[in-house]
>>> print(open('model-v4.txt').read())   # compact mmCIF, N, CA and C atoms
# COMPACT_ATOMS: atom_id res chain seq x y z
N MET Y 224 0.84 -1.16 0.00
CA MET Y 224 0.00 0.00 0.00
C MET Y 224 0.89 1.24 0.00
N PRO Y 225 0.68 2.18 -0.96
CA PRO Y 225 1.52 3.38 -1.03
C PRO Y 225 1.23 4.31 0.14
N GLN Y 226 2.30 4.98 0.59
CA GLN Y 226 2.12 5.92 1.70
C GLN Y 226 1.73 7.28 1.15
N ARG Y 227 0.79 7.88 1.82
CA ARG Y 227 0.37 9.22 1.45
C ARG Y 227 1.04 10.21 2.40
N PRO Y 228 1.47 11.37 1.87
CA PRO Y 228 2.08 12.36 2.77
C PRO Y 228 1.05 12.88 3.77
N LEU Y 229 1.53 13.18 4.94
CA LEU Y 229 0.66 13.73 5.97
C LEU Y 229 0.23 15.14 5.59
N PRO Y 230 -0.97 15.55 5.99
CA PRO Y 230 -1.38 16.93 5.71
C PRO Y 230 -0.41 17.91 6.39
N GLY Y 231 0.00 18.91 5.67
CA GLY Y 231 0.90 19.93 6.21
C GLY Y 231 2.37 19.58 6.09
N ALA Y 232 2.70 18.41 5.53
CA ALA Y 232 4.10 18.01 5.40
C ALA Y 232 4.86 18.95 4.47
N GLY Y 233 4.20 19.50 3.44
CA GLY Y 233 4.85 20.43 2.53
C GLY Y 233 5.25 21.72 3.23
N ILE Y 234 4.41 22.16 4.14
CA ILE Y 234 4.71 23.39 4.90
C ILE Y 234 5.90 23.15 5.81
N SER Y 235 5.96 21.97 6.44
CA SER Y 235 7.08 21.65 7.31
C SER Y 235 8.39 21.65 6.53
N ARG Y 236 8.38 21.09 5.33
CA ARG Y 236 9.58 21.06 4.50
C ARG Y 236 9.99 22.48 4.12
N LEU Y 237 9.01 23.33 3.83
CA LEU Y 237 9.29 24.73 3.48
C LEU Y 237 9.92 25.47 4.65
N LEU Y 238 9.39 25.22 5.85
CA LEU Y 238 9.93 25.90 7.04
C LEU Y 238 11.36 25.45 7.33
N ARG Y 239 11.67 24.17 7.06
CA ARG Y 239 13.04 23.70 7.26
C ARG Y 239 14.00 24.32 6.25
N ALA Y 240 13.52 24.65 5.06
CA ALA Y 240 14.37 25.22 4.02
C ALA Y 240 14.53 26.73 4.17
N PHE Y 241 13.68 27.37 4.98
CA PHE Y 241 13.69 28.83 5.09
C PHE Y 241 15.05 29.39 5.51
N PRO Y 242 15.71 28.85 6.56
CA PRO Y 242 17.02 29.43 6.93
C PRO Y 242 18.04 29.35 5.80
N PHE Y 243 18.06 28.26 5.07
CA PHE Y 243 18.99 28.11 3.97
C PHE Y 243 18.71 29.13 2.86
N VAL Y 244 17.45 29.30 2.52
CA VAL Y 244 17.06 30.26 1.48
C VAL Y 244 17.39 31.68 1.94
N SER Y 245 17.16 31.97 3.20
CA SER Y 245 17.47 33.30 3.74
C SER Y 245 18.96 33.59 3.65
N LEU Y 246 19.78 32.59 3.98
CA LEU Y 246 21.23 32.77 3.90
C LEU Y 246 21.67 33.04 2.47
N LEU Y 247 21.11 32.31 1.52
CA LEU Y 247 21.44 32.55 0.12
C LEU Y 247 21.06 33.96 -0.31
N PHE Y 248 19.91 34.42 0.14
CA PHE Y 248 19.46 35.77 -0.19
C PHE Y 248 20.43 36.81 0.35
N LEU Y 249 20.85 36.64 1.61
CA LEU Y 249 21.78 37.60 2.21
C LEU Y 249 23.13 37.60 1.52
N LEU Y 250 23.58 36.43 1.07
CA LEU Y 250 24.84 36.37 0.36
C LEU Y 250 24.74 37.01 -1.02
N ALA Y 251 23.57 36.90 -1.64
CA ALA Y 251 23.38 37.48 -2.97
C ALA Y 251 23.22 38.99 -2.89
N PHE Y 252 22.64 39.49 -1.81
CA PHE Y 252 22.39 40.93 -1.65
C PHE Y 252 22.97 41.38 -0.31
N PRO Y 253 24.29 41.53 -0.20
CA PRO Y 253 24.89 41.89 1.08
C PRO Y 253 24.50 43.31 1.50
N LEU Y 254 24.45 43.51 2.81
CA LEU Y 254 24.20 44.85 3.33
C LEU Y 254 25.44 45.69 3.09
N GLU Y 255 25.25 46.86 2.53
CA GLU Y 255 26.39 47.72 2.23
C GLU Y 255 26.64 48.67 3.39
N ALA Y 256 27.89 48.77 3.74
CA ALA Y 256 28.28 49.76 4.75
C ALA Y 256 28.37 51.11 4.05
N THR Y 257 28.01 52.16 4.76
CA THR Y 257 28.04 53.50 4.19
C THR Y 257 29.12 54.31 4.89
N ARG Y 258 29.90 55.02 4.10
CA ARG Y 258 31.01 55.81 4.64
C ARG Y 258 30.58 57.27 4.80
N TYR Y 259 31.00 57.85 5.90
CA TYR Y 259 30.69 59.25 6.21
C TYR Y 259 31.96 59.96 6.66
N ARG Y 260 31.92 61.29 6.59
CA ARG Y 260 33.00 62.13 7.11
C ARG Y 260 32.34 63.22 7.94
N VAL Y 261 32.78 63.37 9.17
CA VAL Y 261 32.26 64.41 10.06
C VAL Y 261 33.04 65.69 9.78
N VAL Y 262 32.31 66.76 9.41
CA VAL Y 262 32.95 68.06 9.14
C VAL Y 262 32.20 69.15 9.90
N ASP Y 263 32.92 70.24 10.21
CA ASP Y 263 32.27 71.38 10.86
C ASP Y 263 31.58 72.23 9.80
N GLU Y 264 31.02 73.34 10.23
CA GLU Y 264 30.25 74.19 9.30
C GLU Y 264 31.11 74.78 8.19
N ASN Y 265 32.43 74.79 8.36
CA ASN Y 265 33.34 75.31 7.33
C ASN Y 265 33.91 74.20 6.43
N GLY Y 266 33.46 72.96 6.63
CA GLY Y 266 33.94 71.85 5.82
C GLY Y 266 35.23 71.22 6.32
N LYS Y 267 35.69 71.64 7.49
CA LYS Y 267 36.93 71.10 8.06
C LYS Y 267 36.62 69.79 8.79
N PRO Y 268 37.37 68.71 8.50
CA PRO Y 268 37.11 67.43 9.17
C PRO Y 268 37.26 67.52 10.69
N VAL Y 269 36.47 66.72 11.39
CA VAL Y 269 36.54 66.65 12.84
C VAL Y 269 37.13 65.28 13.20
N PRO Y 270 38.45 65.22 13.43
CA PRO Y 270 39.08 63.93 13.71
C PRO Y 270 38.61 63.33 15.02
N ALA Y 271 38.49 62.00 15.04
CA ALA Y 271 38.15 61.22 16.24
C ALA Y 271 36.78 61.54 16.83
N ALA Y 272 35.90 62.19 16.06
CA ALA Y 272 34.54 62.43 16.55
C ALA Y 272 33.83 61.10 16.72
N ARG Y 273 32.89 61.04 17.64
CA ARG Y 273 32.10 59.82 17.84
C ARG Y 273 30.69 60.09 17.33
N VAL Y 274 30.15 59.12 16.58
CA VAL Y 274 28.82 59.25 15.98
C VAL Y 274 27.93 58.13 16.50
N SER Y 275 26.74 58.50 16.93
CA SER Y 275 25.78 57.54 17.46
C SER Y 275 24.45 57.71 16.74
N ILE Y 276 23.90 56.63 16.20
CA ILE Y 276 22.59 56.68 15.56
C ILE Y 276 21.55 56.86 16.65
N GLN Y 277 20.71 57.88 16.51
CA GLN Y 277 19.69 58.18 17.52
C GLN Y 277 18.76 56.98 17.68
N GLY Y 278 18.51 56.61 18.93
CA GLY Y 278 17.63 55.49 19.22
C GLY Y 278 18.33 54.16 19.29
N ARG Y 279 19.64 54.14 19.10
CA ARG Y 279 20.41 52.90 19.17
C ARG Y 279 21.55 53.06 20.16
N ALA Y 280 21.95 51.96 20.73
CA ALA Y 280 23.08 51.97 21.67
C ALA Y 280 24.39 51.94 20.89
N GLY Y 281 25.42 52.47 21.50
CA GLY Y 281 26.76 52.41 20.91
C GLY Y 281 27.07 53.58 20.01
N SER Y 282 28.34 53.66 19.64
CA SER Y 282 28.80 54.73 18.76
C SER Y 282 29.98 54.24 17.95
N VAL Y 283 30.32 55.01 16.91
CA VAL Y 283 31.45 54.69 16.03
C VAL Y 283 32.39 55.87 16.04
N ALA Y 284 33.69 55.60 16.15
CA ALA Y 284 34.68 56.68 16.17
C ALA Y 284 35.20 56.94 14.76
N ALA Y 285 35.34 58.22 14.45
CA ALA Y 285 35.93 58.62 13.16
C ALA Y 285 37.45 58.52 13.26
N ASP Y 286 38.09 58.40 12.11
CA ASP Y 286 39.55 58.34 12.08
C ASP Y 286 40.14 59.75 12.09
N ALA Y 287 41.43 59.86 11.82
CA ALA Y 287 42.12 61.15 11.86
C ALA Y 287 41.62 62.12 10.78
N LYS Y 288 40.99 61.58 9.71
CA LYS Y 288 40.44 62.42 8.65
C LYS Y 288 38.95 62.71 8.87
N GLY Y 289 38.42 62.28 10.01
CA GLY Y 289 37.00 62.49 10.31
C GLY Y 289 36.09 61.47 9.64
N GLU Y 290 36.66 60.43 9.04
CA GLU Y 290 35.87 59.44 8.30
C GLU Y 290 35.51 58.24 9.18
N LEU Y 291 34.33 57.67 8.92
CA LEU Y 291 33.86 56.51 9.65
C LEU Y 291 32.92 55.71 8.76
N THR Y 292 32.62 54.51 9.17
CA THR Y 292 31.71 53.63 8.42
C THR Y 292 30.58 53.20 9.34
N LEU Y 293 29.34 53.36 8.87
CA LEU Y 293 28.17 52.84 9.58
C LEU Y 293 27.75 51.57 8.86
N ASP Y 294 27.86 50.45 9.55
CA ASP Y 294 27.58 49.15 8.93
C ASP Y 294 26.10 48.87 8.77
N ALA Y 295 25.32 49.08 9.78
CA ALA Y 295 23.91 48.71 9.73
C ALA Y 295 23.05 49.93 10.07
N GLU Y 296 23.01 50.87 9.17
CA GLU Y 296 22.23 52.08 9.43
C GLU Y 296 20.76 51.84 9.10
N PRO Y 297 19.88 52.59 9.76
CA PRO Y 297 18.46 52.45 9.47
C PRO Y 297 18.12 53.07 8.11
N ALA Y 298 16.90 52.85 7.67
CA ALA Y 298 16.45 53.47 6.43
C ALA Y 298 16.42 54.98 6.61
N ALA Y 299 16.80 55.70 5.56
CA ALA Y 299 16.78 57.17 5.62
C ALA Y 299 15.32 57.63 5.58
N PRO Y 300 15.02 58.74 6.19
CA PRO Y 300 15.88 59.63 6.96
C PRO Y 300 16.07 59.13 8.40
N PHE Y 301 17.23 59.48 8.97
CA PHE Y 301 17.51 59.18 10.37
C PHE Y 301 18.46 60.25 10.88
N GLU Y 302 18.66 60.29 12.20
CA GLU Y 302 19.51 61.31 12.80
C GLU Y 302 20.64 60.65 13.57
N VAL Y 303 21.78 61.32 13.58
CA VAL Y 303 22.93 60.87 14.36
C VAL Y 303 23.35 61.97 15.32
N GLY Y 304 23.78 61.57 16.48
CA GLY Y 304 24.36 62.50 17.44
C GLY Y 304 25.86 62.46 17.30
N VAL Y 305 26.51 63.62 17.38
CA VAL Y 305 27.95 63.70 17.19
C VAL Y 305 28.58 64.28 18.46
N PHE Y 306 29.64 63.60 18.91
CA PHE Y 306 30.36 64.01 20.12
C PHE Y 306 31.83 64.22 19.79
N ALA Y 307 32.45 65.16 20.48
CA ALA Y 307 33.90 65.38 20.37
C ALA Y 307 34.60 64.22 21.07
N PRO Y 308 35.88 64.01 20.79
CA PRO Y 308 36.62 62.94 21.48
C PRO Y 308 36.58 63.09 23.01
N SER Y 309 36.46 64.32 23.48
CA SER Y 309 36.39 64.57 24.92
C SER Y 309 35.04 64.21 25.51
N GLY Y 310 34.05 63.93 24.64
CA GLY Y 310 32.70 63.61 25.11
C GLY Y 310 31.75 64.79 25.02
N ALA Y 311 32.27 65.97 24.64
CA ALA Y 311 31.42 67.16 24.52
C ALA Y 311 30.44 66.99 23.36
N TRP Y 312 29.23 67.43 23.57
CA TRP Y 312 28.17 67.34 22.56
C TRP Y 312 28.44 68.32 21.44
N LEU Y 313 28.42 67.85 20.18
CA LEU Y 313 28.64 68.73 19.04
C LEU Y 313 27.36 69.01 18.26
N GLY Y 314 26.40 68.11 18.31
CA GLY Y 314 25.13 68.38 17.63
C GLY Y 314 24.50 67.15 17.01
N ILE Y 315 23.34 67.38 16.43
CA ILE Y 315 22.59 66.34 15.73
C ILE Y 315 22.63 66.64 14.25
N VAL Y 316 22.85 65.61 13.45
CA VAL Y 316 22.86 65.75 11.99
C VAL Y 316 21.79 64.81 11.43
N ARG Y 317 20.93 65.34 10.58
CA ARG Y 317 19.90 64.52 9.94
C ARG Y 317 20.42 63.99 8.62
N VAL Y 318 20.32 62.69 8.41
CA VAL Y 318 20.75 62.04 7.18
C VAL Y 318 19.50 61.78 6.35
N GLU Y 319 19.38 62.48 5.22
CA GLU Y 319 18.18 62.37 4.38
C GLU Y 319 18.27 61.23 3.38
N THR Y 320 19.48 60.98 2.84
CA THR Y 320 19.67 59.92 1.85
C THR Y 320 21.00 59.23 2.11
N ARG Y 321 21.11 58.01 1.62
CA ARG Y 321 22.36 57.27 1.73
C ARG Y 321 23.30 57.66 0.61
N ALA Y 322 24.59 57.52 0.86
CA ALA Y 322 25.59 57.78 -0.17
C ALA Y 322 25.53 56.65 -1.20
N GLN Y 323 25.81 56.97 -2.44
CA GLN Y 323 25.77 55.99 -3.51
C GLN Y 323 27.16 55.40 -3.74
N GLY Y 324 27.24 54.08 -3.87
CA GLY Y 324 28.51 53.43 -4.17
C GLY Y 324 29.54 53.64 -3.08
N ASP Y 325 30.77 53.97 -3.50
CA ASP Y 325 31.86 54.17 -2.56
C ASP Y 325 32.01 55.62 -2.12
N ALA Y 326 31.04 56.46 -2.46
CA ALA Y 326 31.12 57.88 -2.12
C ALA Y 326 31.11 58.07 -0.60
N VAL Y 327 31.83 59.08 -0.15
CA VAL Y 327 31.85 59.44 1.27
C VAL Y 327 30.90 60.61 1.44
N ARG Y 328 29.94 60.46 2.31
CA ARG Y 328 28.94 61.50 2.54
C ARG Y 328 29.34 62.33 3.76
N ASP Y 329 29.27 63.65 3.63
CA ASP Y 329 29.62 64.54 4.75
C ASP Y 329 28.48 64.65 5.75
N LEU Y 330 28.83 64.56 7.01
CA LEU Y 330 27.92 64.86 8.11
C LEU Y 330 28.32 66.25 8.60
N VAL Y 331 27.59 67.28 8.17
CA VAL Y 331 27.95 68.66 8.47
C VAL Y 331 27.33 69.07 9.80
N LEU Y 332 28.20 69.42 10.74
CA LEU Y 332 27.72 69.84 12.05
C LEU Y 332 27.04 71.19 11.97
N PRO Y 333 26.02 71.42 12.79
CA PRO Y 333 25.34 72.72 12.79
C PRO Y 333 26.29 73.83 13.23
N ALA Y 334 26.11 75.01 12.63
CA ALA Y 334 26.97 76.15 12.93
C ALA Y 334 26.69 76.71 14.33
N ALA Y 335 25.47 76.64 14.77
CA ALA Y 335 25.09 77.23 16.06
C ALA Y 335 25.32 76.21 17.17
N ARG Y 336 26.57 76.10 17.59
CA ARG Y 336 26.91 75.23 18.71
C ARG Y 336 27.36 76.11 19.86
N SER Y 337 27.06 75.68 21.03
CA SER Y 337 27.48 76.43 22.20
C SER Y 337 28.36 75.55 23.06
N THR Y 338 29.44 76.10 23.54
CA THR Y 338 30.30 75.37 24.46
C THR Y 338 30.08 75.87 25.88
N GLU Y 339 29.12 76.79 26.04
CA GLU Y 339 28.82 77.30 27.37
C GLU Y 339 27.81 76.41 28.06
N VAL Y 340 27.92 76.32 29.36
CA VAL Y 340 26.98 75.56 30.15
C VAL Y 340 26.32 76.52 31.11
N PHE Y 341 25.00 76.52 31.15
CA PHE Y 341 24.26 77.38 32.06
C PHE Y 341 23.75 76.53 33.22
N VAL Y 342 24.06 76.96 34.42
CA VAL Y 342 23.64 76.25 35.61
C VAL Y 342 22.68 77.15 36.36
N SER Y 343 21.54 76.60 36.68
CA SER Y 343 20.54 77.36 37.42
C SER Y 343 20.28 76.65 38.74
N ALA Y 344 20.34 77.40 39.82
CA ALA Y 344 20.10 76.82 41.13
C ALA Y 344 18.95 77.56 41.78
N GLY Y 345 18.20 76.86 42.58
CA GLY Y 345 17.08 77.50 43.26
C GLY Y 345 16.21 76.44 43.89
N THR Y 346 15.02 76.86 44.28
CA THR Y 346 14.10 75.91 44.90
C THR Y 346 12.81 75.91 44.10
N ALA Y 347 12.12 74.82 44.21
CA ALA Y 347 10.82 74.68 43.56
C ALA Y 347 9.81 74.29 44.61
N ALA Y 348 8.58 74.61 44.35
CA ALA Y 348 7.53 74.23 45.29
C ALA Y 348 7.45 72.71 45.36
N SER Y 349 7.21 72.20 46.56
CA SER Y 349 7.10 70.76 46.74
C SER Y 349 5.77 70.27 46.21
N LEU Y 350 5.78 69.10 45.64
CA LEU Y 350 4.52 68.51 45.16
C LEU Y 350 3.70 67.99 46.32
N LEU Y 351 4.36 67.78 47.48
CA LEU Y 351 3.65 67.25 48.64
C LEU Y 351 3.13 68.35 49.55
N ALA Y 352 3.53 69.57 49.33
CA ALA Y 352 3.10 70.66 50.18
C ALA Y 352 1.64 71.00 49.88
N PRO Y 353 0.89 71.40 50.90
CA PRO Y 353 -0.51 71.79 50.67
C PRO Y 353 -0.56 73.06 49.84
N PRO Y 354 -1.64 73.27 49.09
CA PRO Y 354 -1.74 74.49 48.29
C PRO Y 354 -1.80 75.72 49.19
N PRO Y 355 -1.30 76.86 48.70
CA PRO Y 355 -1.33 78.07 49.53
C PRO Y 355 -2.77 78.51 49.77
N THR Y 356 -2.98 79.09 50.94
CA THR Y 356 -4.32 79.57 51.28
C THR Y 356 -4.37 81.08 51.10
N ARG Y 357 -5.55 81.56 50.77
CA ARG Y 357 -5.74 83.00 50.60
C ARG Y 357 -6.29 83.61 51.87
N SER Y 358 -5.84 84.78 52.18
CA SER Y 358 -6.38 85.51 53.33
C SER Y 358 -7.53 86.37 52.85
N PRO Y 359 -8.63 86.39 53.63
CA PRO Y 359 -9.76 87.23 53.21
C PRO Y 359 -9.51 88.71 53.33
>>> encode(input="model-v4.txt", output="C-alpha cells")
Amino acid sequence: MPQRPLPGAGISRLLRAFPFVSLLFLLAFPLEATRYRVVDENGKPVPAARVSIQGRAGSVAADAKGELTLDAEPAAPFEVGVFAPSGAWLGIVRVETRAQGDAVRDLVLPAARSTEVFVSAGTAASLLAPPPTRSP
C-alpha cells in the first residue's frame, strides 16, 4: 500500500528550508556599509569624533580624517548624534539619503553650537506641600 504524505508536510519542508534560502538571499544581496565624514560648518574634518545613531546603543569613532563607516544604518531619513573625542556634545545631523557606491557623505555639524553651560540653582515648590491659602 503506497504511503500518502501527511497533511501539512509540505509546509514543514518549506519551514526547514527557510534558513537556507534566507542565507542565500543575504549572500546574494549583502548589506552595504556606508562611509561618512564628520565636518564642521566650514567643511573642516573633525578627527576622532564619535557618531551615534539616535535610538540605538553604541557609537562609532571617526579616524584622523574624520571618516567613519556605519555598517547597519536604518532606512533614511535618520539622525545621528555627534560628540567630540572629549565627550562634549557637538550636535545632531539629519541624514536624508544614503551615499551611492563608494562615495563618502559629509555629516555637516550645525553652525550654532554652544560650548557654554548654564547652571541654574534654586528651589521649587514641593509637590507634597498643601496648596497656599488666601487671606480674606
>>> atom_distance(input="model-v4.txt", atom1="atom C of Y:Pro297", atom2="atom CA of Y:Ser309")
27.4 Å
>>> closest_residue(input="model-v4.txt", among="Y:Pro333, Y:Pro268, Y:Gly324, Y:Gly314", to="Y:Lys288", atoms="only C-alpha atoms")
Y:Pro268
>>> residues_around(input="model-v4.txt", residues="Y:Gly304", least_positions_apart="6", cutoff="8 Å", atoms="only N, CA and C atoms", output="count of residues only")
12
>>> atom_distance(input="model-v4.txt", atom1="atom N of Y:Asp294", atom2="atom N of Y:Glu264")
23.1 Å
>>> residues_around(input="model-v4.txt", residues="Y:Val269", least_positions_apart="5", cutoff="8 Å", atoms="all atoms listed in the file", output="ChimeraX atom specification")
/Y:260-263,285-290,307-308
>>> write_last_selection(input="model-v4.txt", atoms="N, CA and C atoms", output="compact mmCIF listing (two decimals), keeping the file's coordinate frame")
# COMPACT_ATOMS: atom_id res chain seq x y z
N ARG Y 260 31.92 61.29 6.59
CA ARG Y 260 33.00 62.13 7.11
C ARG Y 260 32.34 63.22 7.94
N VAL Y 261 32.78 63.37 9.17
CA VAL Y 261 32.26 64.41 10.06
C VAL Y 261 33.04 65.69 9.78
N VAL Y 262 32.31 66.76 9.41
CA VAL Y 262 32.95 68.06 9.14
C VAL Y 262 32.20 69.15 9.90
N ASP Y 263 32.92 70.24 10.21
CA ASP Y 263 32.27 71.38 10.86
C ASP Y 263 31.58 72.23 9.80
N ALA Y 285 35.34 58.22 14.45
CA ALA Y 285 35.93 58.62 13.16
C ALA Y 285 37.45 58.52 13.26
N ASP Y 286 38.09 58.40 12.11
CA ASP Y 286 39.55 58.34 12.08
C ASP Y 286 40.14 59.75 12.09
N ALA Y 287 41.43 59.86 11.82
CA ALA Y 287 42.12 61.15 11.86
C ALA Y 287 41.62 62.12 10.78
N LYS Y 288 40.99 61.58 9.71
CA LYS Y 288 40.44 62.42 8.65
C LYS Y 288 38.95 62.71 8.87
N GLY Y 289 38.42 62.28 10.01
CA GLY Y 289 37.00 62.49 10.31
C GLY Y 289 36.09 61.47 9.64
N GLU Y 290 36.66 60.43 9.04
CA GLU Y 290 35.87 59.44 8.30
C GLU Y 290 35.51 58.24 9.18
N ALA Y 307 32.45 65.16 20.48
CA ALA Y 307 33.90 65.38 20.37
C ALA Y 307 34.60 64.22 21.07
N PRO Y 308 35.88 64.01 20.79
CA PRO Y 308 36.62 62.94 21.48
C PRO Y 308 36.58 63.09 23.01
